[in-house]
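Asker: To be precise about what I am sending: the file is called query_39.cif and holds mmCIF, C-alpha atoms.
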data_data
loop_
_atom_site.label_atom_id
_atom_site.label_comp_id
_atom_site.auth_asym_id
_atom_site.auth_seq_id
_atom_site.Cartn_x
_atom_site.Cartn_y
_atom_site.Cartn_z
CA MET A 10 -93.31 168.62 178.21
CA TYR A 11 -92.77 165.02 177.10
CA LYS A 12 -89.00 165.22 176.72
CA LYS A 13 -88.38 162.29 179.11
CA SER A 14 -90.97 160.09 177.37
CA ILE A 15 -89.41 160.83 173.98
CA GLU A 16 -85.97 159.97 175.39
CA LEU A 17 -87.24 156.65 176.79
CA LEU A 18 -89.12 155.77 173.62
CA ASN A 19 -85.97 156.43 171.59
CA LYS A 20 -84.01 154.15 173.96
CA ALA A 21 -86.62 151.48 173.22
CA VAL A 22 -86.22 152.09 169.48
CA ALA A 23 -82.44 151.59 169.87
CA ASP A 24 -82.95 148.37 171.85
CA GLU A 25 -85.49 147.04 169.37
CA LEU A 26 -83.26 147.86 166.39
CA TYR A 27 -80.46 145.93 168.06
CA ALA A 28 -82.85 143.01 168.66
CA VAL A 29 -83.92 142.99 165.00
CA HIS A 30 -80.29 142.93 163.85
CA GLN A 31 -79.28 140.27 166.38
CA TYR A 32 -82.25 138.01 165.68
CA MET A 33 -81.76 138.28 161.92
CA TYR A 34 -78.11 137.28 162.42
CA PHE A 35 -79.27 134.28 164.48
CA HIS A 36 -81.90 133.47 161.84
CA PHE A 37 -79.28 133.35 159.06
CA HIS A 38 -76.98 131.07 161.04
CA CYS A 39 -79.71 128.74 162.33
CA GLU A 40 -81.00 128.37 158.79
CA ASP A 41 -77.47 127.69 157.51
CA GLN A 42 -76.98 125.00 160.18
CA GLY A 43 -80.26 123.30 159.26
CA TYR A 44 -82.26 124.46 162.28
CA ASP A 45 -85.18 125.73 160.22
CA LEU A 46 -87.67 125.81 163.10
CA LEU A 47 -85.37 127.91 165.27
CA ALA A 48 -84.54 130.08 162.26
CA GLY A 49 -88.30 130.63 161.89
CA LEU A 50 -88.63 131.58 165.56
CA PHE A 51 -85.86 134.14 165.23
CA ILE A 52 -87.26 135.74 162.08
CA ARG A 53 -90.81 135.88 163.48
CA THR A 54 -89.49 137.56 166.61
CA ALA A 55 -87.43 140.01 164.53
CA ILE A 56 -90.57 140.97 162.62
CA GLU A 57 -92.46 141.51 165.89
CA GLU A 58 -89.59 143.67 167.14
CA MET A 59 -89.96 145.77 163.97
CA GLY A 60 -93.56 146.32 164.99
CA HIS A 61 -92.31 147.53 168.38
CA ILE A 62 -90.09 150.06 166.64
CA GLU A 63 -93.09 151.29 164.70
CA ARG A 64 -95.23 151.66 167.84
CA CYS A 65 -92.50 153.63 169.60
CA ALA A 66 -91.82 155.78 166.53
CA GLU A 67 -95.50 156.61 166.11
CA ARG A 68 -95.67 157.71 169.75
CA ILE A 69 -92.48 159.78 169.46
CA ILE A 70 -93.84 161.58 166.40
CA PHE A 71 -97.20 162.12 168.12
CA LEU A 72 -95.28 163.79 170.97
CA ASN A 73 -93.53 166.03 168.39
CA GLY A 74 -90.18 164.31 168.84
CA ASP A 75 -87.74 162.88 166.34
CA VAL A 76 -87.06 159.17 165.97
CA GLU A 77 -83.42 158.18 166.45
CA MET A 78 -82.70 155.15 164.27
CA VAL A 79 -79.46 153.92 165.85
CA ALA A 80 -79.13 150.42 167.27
CA ALA A 81 -78.16 150.24 170.95
CA GLU A 82 -75.40 147.66 170.34
CA GLU A 83 -73.47 145.88 167.64
CA VAL A 84 -74.49 142.36 166.67
CA LYS A 85 -72.72 139.70 168.71
CA LYS A 86 -71.23 137.04 166.43
CA GLU A 87 -72.54 133.90 168.12
CA GLN A 88 -73.18 130.73 166.13
CA ASP A 89 -73.72 128.15 168.89
CA VAL A 90 -77.47 127.53 168.95
CA LYS A 91 -77.85 127.16 172.71
CA LYS A 92 -75.83 130.33 173.32
CA MET A 93 -77.97 132.16 170.74
CA LEU A 94 -81.10 131.16 172.63
CA GLU A 95 -79.59 132.08 175.99
CA GLN A 96 -78.58 135.49 174.65
CA ALA A 97 -82.04 136.05 173.17
CA ARG A 98 -83.64 135.06 176.47
CA GLN A 99 -81.40 137.54 178.34
CA MET A 100 -82.18 140.31 175.84
CA GLU A 101 -85.90 139.78 176.38
CA ALA A 102 -85.51 139.72 180.18
CA ASN A 103 -83.60 143.02 180.02
CA SER A 104 -86.31 144.56 177.86
CA VAL A 105 -89.05 143.48 180.27
CA LYS A 106 -87.16 145.02 183.17
CA ASP A 107 -86.42 148.28 181.33
CA TYR A 108 -89.90 148.69 179.84
CA ASN A 109 -91.57 148.18 183.22
CA VAL A 110 -89.37 150.91 184.73
CA TRP A 111 -89.93 153.20 181.76
CA ALA A 112 -93.71 152.68 181.89
CA ASN A 113 -93.62 153.88 185.49
CA GLU A 114 -91.44 156.87 184.58
CA CYS A 115 -93.88 157.87 181.83
CA SER A 116 -96.77 157.51 184.23
CA ALA A 117 -94.97 159.72 186.77
CA GLY A 118 -94.58 162.30 183.99
CA ASN A 119 -98.34 162.23 183.34
CA ASP A 120 -97.94 160.44 180.00
CA ALA A 121 -100.41 157.58 180.07
CA GLY A 122 -100.13 157.02 176.31
CA SER A 123 -96.41 156.23 176.44
CA ARG A 124 -96.96 154.15 179.58
CA GLN A 125 -99.46 152.05 177.62
CA VAL A 126 -96.98 151.60 174.77
CA PHE A 127 -94.39 150.27 177.22
CA GLU A 128 -96.93 148.03 178.96
CA GLY A 129 -97.86 146.51 175.60
CA LEU A 130 -94.21 145.92 174.82
CA VAL A 131 -93.71 144.19 178.18
CA ALA A 132 -96.41 141.64 177.36
CA ASP A 133 -94.80 140.85 173.99
CA GLU A 134 -91.29 140.63 175.44
CA GLU A 135 -92.48 138.30 178.21
CA ARG A 136 -93.91 136.00 175.53
CA HIS A 137 -90.63 136.12 173.58
CA TYR A 138 -88.72 135.35 176.78
CA SER A 139 -90.94 132.33 177.39
CA GLN A 140 -90.40 131.02 173.86
CA TYR A 141 -86.61 131.25 174.14
CA ASP A 142 -86.64 129.86 177.67
CA ASP A 143 -88.68 126.84 176.49
CA GLU A 144 -86.10 126.12 173.79
CA VAL A 145 -83.17 126.44 176.21
CA GLN A 146 -84.91 124.08 178.65
CA LYS A 147 -85.51 121.51 175.90
CA ILE A 148 -81.85 121.60 174.89
CA GLU A 149 -80.83 121.19 178.54
CA LYS A 150 -83.24 118.30 179.00
CA PHE A 151 -82.68 116.43 175.73
CA GLY A 152 -79.27 117.72 174.62
CA GLU A 153 -78.08 117.34 171.06
CA SER A 154 -80.89 114.86 170.40
CA TYR A 155 -83.38 117.70 170.60
CA LEU A 156 -81.43 119.80 168.11
CA ALA A 157 -81.08 116.84 165.74
CA LEU A 158 -84.81 116.15 165.89
CA GLN A 159 -85.60 119.83 165.54
CA SER A 160 -83.41 119.95 162.44
CA MET A 161 -85.08 116.88 160.93
CA GLN A 162 -88.57 118.25 161.56
CA GLY A 163 -87.74 121.46 159.74
CA SER A 164 -85.96 119.78 156.84
CA PRO A 165 -87.82 119.60 153.54
CA GLY A 166 -86.27 116.17 152.97
CA ALA A 167 -87.36 114.76 156.32
CA ALA A 168 -88.53 111.18 156.42
CA PRO A 169 -92.30 110.66 156.02
CA GLY A 170 -94.17 111.06 159.29
CA VAL A 171 -91.46 113.22 160.88
CA GLU A 172 -93.34 116.51 160.68
#
Any chance you could give the structure as structure tokens?
Answerer:
Amino acid sequence: MYKKSIELLNKAVADELYAVHQYMYFHFHCEDQGYDLLAGLFIRTAIEEMGHIERCAERIIFLNGDVEMVAAEEVKKEQDVKKMLEQARQMEANSVKDYNVWANECSAGNDAGSRQVFEGLVADEERHYSQYDDEVQKIEKFGESYLALQSMQGSPGAAPGVE
């Protein structure tokens, strides 16, 4: 009865697994480059994406389905900070688009519970999009100066008063 909802929820699990892997990759490289604040943003988002996987998995199991734990894509090896943020922003925009469509498909299949899961995910992904978009806009506005300042603010050895 809920075969389509289970299929869509598993697609979301795959997308979210990919996001966790990609954001952790970005986290490692931002941290290595001294961009601690951006590294923190990526790891916090990865943790939230893990929560999305859990929400989808709980719904799949409730619907008597099986959770497919396979990431939708392989991690893209990007180490340029602005390109990382642009990719993250695009990933979030794609999720918002997909989850809105899938919420409607679940609703059409008389599955309000799964629709609500997707609607909740949309709100989170829109917030993630906004965070990444803000960072991209700051880099575009201030250039490398923004990244240098961002690195100094996150550095444990930063000069006094630069927090």
Asker: Could you tell me, as a ChimeraX atom specification, exactly which residues end up selected when the PyMOL selection byres ((chain A and resi 139-153) around 10) is applied to this structure?
Answerer: /A:47,50-51,54,90-99,101-102,133-138,154-159
Asker: Evaluate the PyMOL selection byres ((chain A and resi 12) around 12) on the structure here and hand back the selected residues as a compact mmCIF listing (two decimals) with C-alpha atoms, in the frame of the given file.
Answerer:
# COMPACT_ATOMS: atom_id res chain seq x y z
CA MET A 10 -93.31 168.62 178.21
CA TYR A 11 -92.77 165.02 177.10
CA LYS A 13 -88.38 162.29 179.11
CA SER A 14 -90.97 160.09 177.37
CA ILE A 15 -89.41 160.83 173.98
CA GLU A 16 -85.97 159.97 175.39
CA LEU A 17 -87.24 156.65 176.79
CA LEU A 18 -89.12 155.77 173.62
CA ASN A 19 -85.97 156.43 171.59
CA ILE A 69 -92.48 159.78 169.46
CA ILE A 70 -93.84 161.58 166.40
CA LEU A 72 -95.28 163.79 170.97
CA ASN A 73 -93.53 166.03 168.39
CA GLY A 74 -90.18 164.31 168.84
CA ASP A 75 -87.74 162.88 166.34
CA GLU A 114 -91.44 156.87 184.58
CA CYS A 115 -93.88 157.87 181.83
CA GLY A 118 -94.58 162.30 183.99
CA ASN A 119 -98.34 162.23 183.34
CA ASP A 120 -97.94 160.44 180.00
CA SER A 123 -96.41 156.23 176.44
Asker: Taking the file as shown, what set of residues would the PyMOL selection byres ((chain A and resi 37-39) around 9) give back, as a list in words?
Answerer: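 So the PyMOL selection byres ((chain A and resi 37-39) around 9) ends up selecting Tyr32, Met33, Tyr34, Phe35, His36, Glu40, Asp41, Gln42, Gly43, Tyr44, Asp45, Leu46, Leu47, Ala48, Gly49, Phe51, Ile52, Glu87, Gln88, Asp89 and Val90 of chain A.
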Asker: Write out as a ChimeraX atom specification which residues come within 10 Å of Gly60 (chain A) when counting all atoms listed in the file, dropping same-chain ones fewer than 5 positions away.
Answerer: /A:25,54-55,65-66,130
Asker: Using only C-alpha atoms, find the one residue out of A:Ser160, A:Val22, A:Val131, A:Ala121 that sits nearest to Arg64 (chain A).
Answerer: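 With only C-alpha atoms as the atom set, the closest residue is A:Val22.
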Asker: Pick out the closest residue to Met100 (chain A) from this set: A:Lys20, A:Ala28, A:Lys85, A:Arg124. Count all atoms listed in the file.
Answerer: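 Checking each candidate against Met100 (chain A), we get A:Ala28 as the closest.
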Asker: May I have the protein, DNA and RNA residues with an atom at most 6 Å from (-86.0, 143.0, 163.4), counting all atoms listed in the file in the file's coordinates, returned as a PyMOL selection string?
Answerer: chain A and resi 29-30+55-56+58-59
Asker: Could the residues in this selection be written to a file with C-alpha atoms, as a PDB file, keeping the file's coordinate frame?
Answerer:
ATOM      1  CA  VAL A  29     -83.920 142.990 165.000  1.00  0.00           C
ATOM      2  CA  HIS A  30     -80.290 142.930 163.850  1.00  0.00           C
ATOM      3  CA  ALA A  55     -87.430 140.010 164.530  1.00  0.00           C
ATOM      4  CA  ILE A  56     -90.570 140.970 162.620  1.00  0.00           C
ATOM      5  CA  GLU A  58     -89.590 143.670 167.140  1.00  0.00           C
ATOM      6  CA  MET A  59     -89.960 145.770 163.970  1.00  0.00           C
TER       7      MET A  59
END
Asker: Do a neighbour search on Ala23 (chain A) at 7 Å with all atoms listed in the file, toss out local chain neighbours closer than 5 positions, and write the hits as a PyMOL selection string.
Answerer: chain A and resi 78-81
Asker: If I take CA of Asp24 (chain A) and CA of Ala132 (chain A), how far is one from the other in Å, to one decimal?
Answerer: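 Here the two named atoms are 16.0 Å from each other.
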Asker: Take CA of Tyr108 (chain A) and CA of Glu77 (chain A) and report the distance between them in Å, one decimal.
Answerer: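 So the answer is 17.6 Å.
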Asker: How far is it from CA of Ala21 (chain A) to CA of Gln125 (chain A), in Å with one decimal?
Answerer: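 That distance, rounded to one decimal, is 13.6 Å.
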Asker: Using all atoms listed in the file, find the one residue out of A:Val76, A:Tyr27, A:Phe127, A:Gly122 that sits nearest to Lys106 (chain A).
Answerer: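 For Lys106 (chain A), the nearest of the candidates is A:Phe127.
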Asker: Could I get region 94-117 of chain A rebuilt with N, CA and C atoms, written as a short mmCIF file (atom, residue, chain, number, x, y, z; two decimals), in the frame of the given file?
Answerer:
data_model
loop_
_atom_site.label_atom_id
_atom_site.label_comp_id
_atom_site.auth_asym_id
_atom_site.auth_seq_id
_atom_site.Cartn_x
_atom_site.Cartn_y
_atom_site.Cartn_z
N LEU A 94 -79.83 131.16 171.90
CA LEU A 94 -81.10 131.16 172.63
C LEU A 94 -80.94 131.78 174.02
N GLU A 95 -79.84 131.49 174.67
CA GLU A 95 -79.59 132.08 175.99
C GLU A 95 -79.43 133.60 175.88
N GLN A 96 -78.74 134.04 174.85
CA GLN A 96 -78.58 135.49 174.65
C GLN A 96 -79.93 136.14 174.35
N ALA A 97 -80.72 135.51 173.50
CA ALA A 97 -82.04 136.05 173.17
C ALA A 97 -82.91 136.13 174.42
N ARG A 98 -82.86 135.08 175.22
CA ARG A 98 -83.64 135.06 176.47
C ARG A 98 -83.22 136.21 177.38
N GLN A 99 -81.90 136.45 177.50
CA GLN A 99 -81.40 137.54 178.34
C GLN A 99 -81.80 138.91 177.77
N MET A 100 -81.76 139.04 176.46
CA MET A 100 -82.18 140.31 175.84
C MET A 100 -83.63 140.60 176.17
N GLU A 101 -84.47 139.59 176.09
CA GLU A 101 -85.90 139.78 176.38
C GLU A 101 -86.12 140.10 177.86
N ALA A 102 -85.39 139.43 178.74
CA ALA A 102 -85.51 139.72 180.18
C ALA A 102 -85.11 141.16 180.47
N ASN A 103 -84.04 141.63 179.83
CA ASN A 103 -83.60 143.02 180.02
C ASN A 103 -84.66 144.00 179.53
N SER A 104 -85.27 143.68 178.39
CA SER A 104 -86.31 144.56 177.86
C SER A 104 -87.51 144.63 178.80
N VAL A 105 -87.92 143.49 179.33
CA VAL A 105 -89.05 143.48 180.27
C VAL A 105 -88.74 144.37 181.46
N LYS A 106 -87.55 144.22 182.01
CA LYS A 106 -87.16 145.02 183.17
C LYS A 106 -87.16 146.52 182.83
N ASP A 107 -86.51 146.87 181.73
CA ASP A 107 -86.42 148.28 181.33
C ASP A 107 -87.80 148.87 181.03
N TYR A 108 -88.60 148.15 180.26
CA TYR A 108 -89.90 148.69 179.84
C TYR A 108 -90.85 148.86 181.02
N ASN A 109 -90.76 147.99 182.01
CA ASN A 109 -91.57 148.18 183.22
C ASN A 109 -91.16 149.47 183.94
N VAL A 110 -89.87 149.69 184.08
CA VAL A 110 -89.37 150.91 184.73
C VAL A 110 -89.79 152.13 183.92
N TRP A 111 -89.62 152.05 182.61
CA TRP A 111 -89.93 153.20 181.76
C TRP A 111 -91.43 153.50 181.73
N ALA A 112 -92.26 152.46 181.81
CA ALA A 112 -93.71 152.68 181.89
C ALA A 112 -94.04 153.49 183.14
N ASN A 113 -93.39 153.15 184.25
CA ASN A 113 -93.62 153.88 185.49
C ASN A 113 -93.11 155.32 185.39
N GLU A 114 -91.97 155.51 184.75
CA GLU A 114 -91.44 156.87 184.58
C GLU A 114 -92.37 157.72 183.72
N CYS A 115 -92.93 157.13 182.67
CA CYS A 115 -93.88 157.87 181.83
C CYS A 115 -95.14 158.22 182.61
N SER A 116 -95.59 157.27 183.41
CA SER A 116 -96.77 157.51 184.23
C SER A 116 -96.52 158.64 185.22
N ALA A 117 -95.34 158.65 185.83
CA ALA A 117 -94.97 159.72 186.77
C ALA A 117 -94.91 161.07 186.07
#
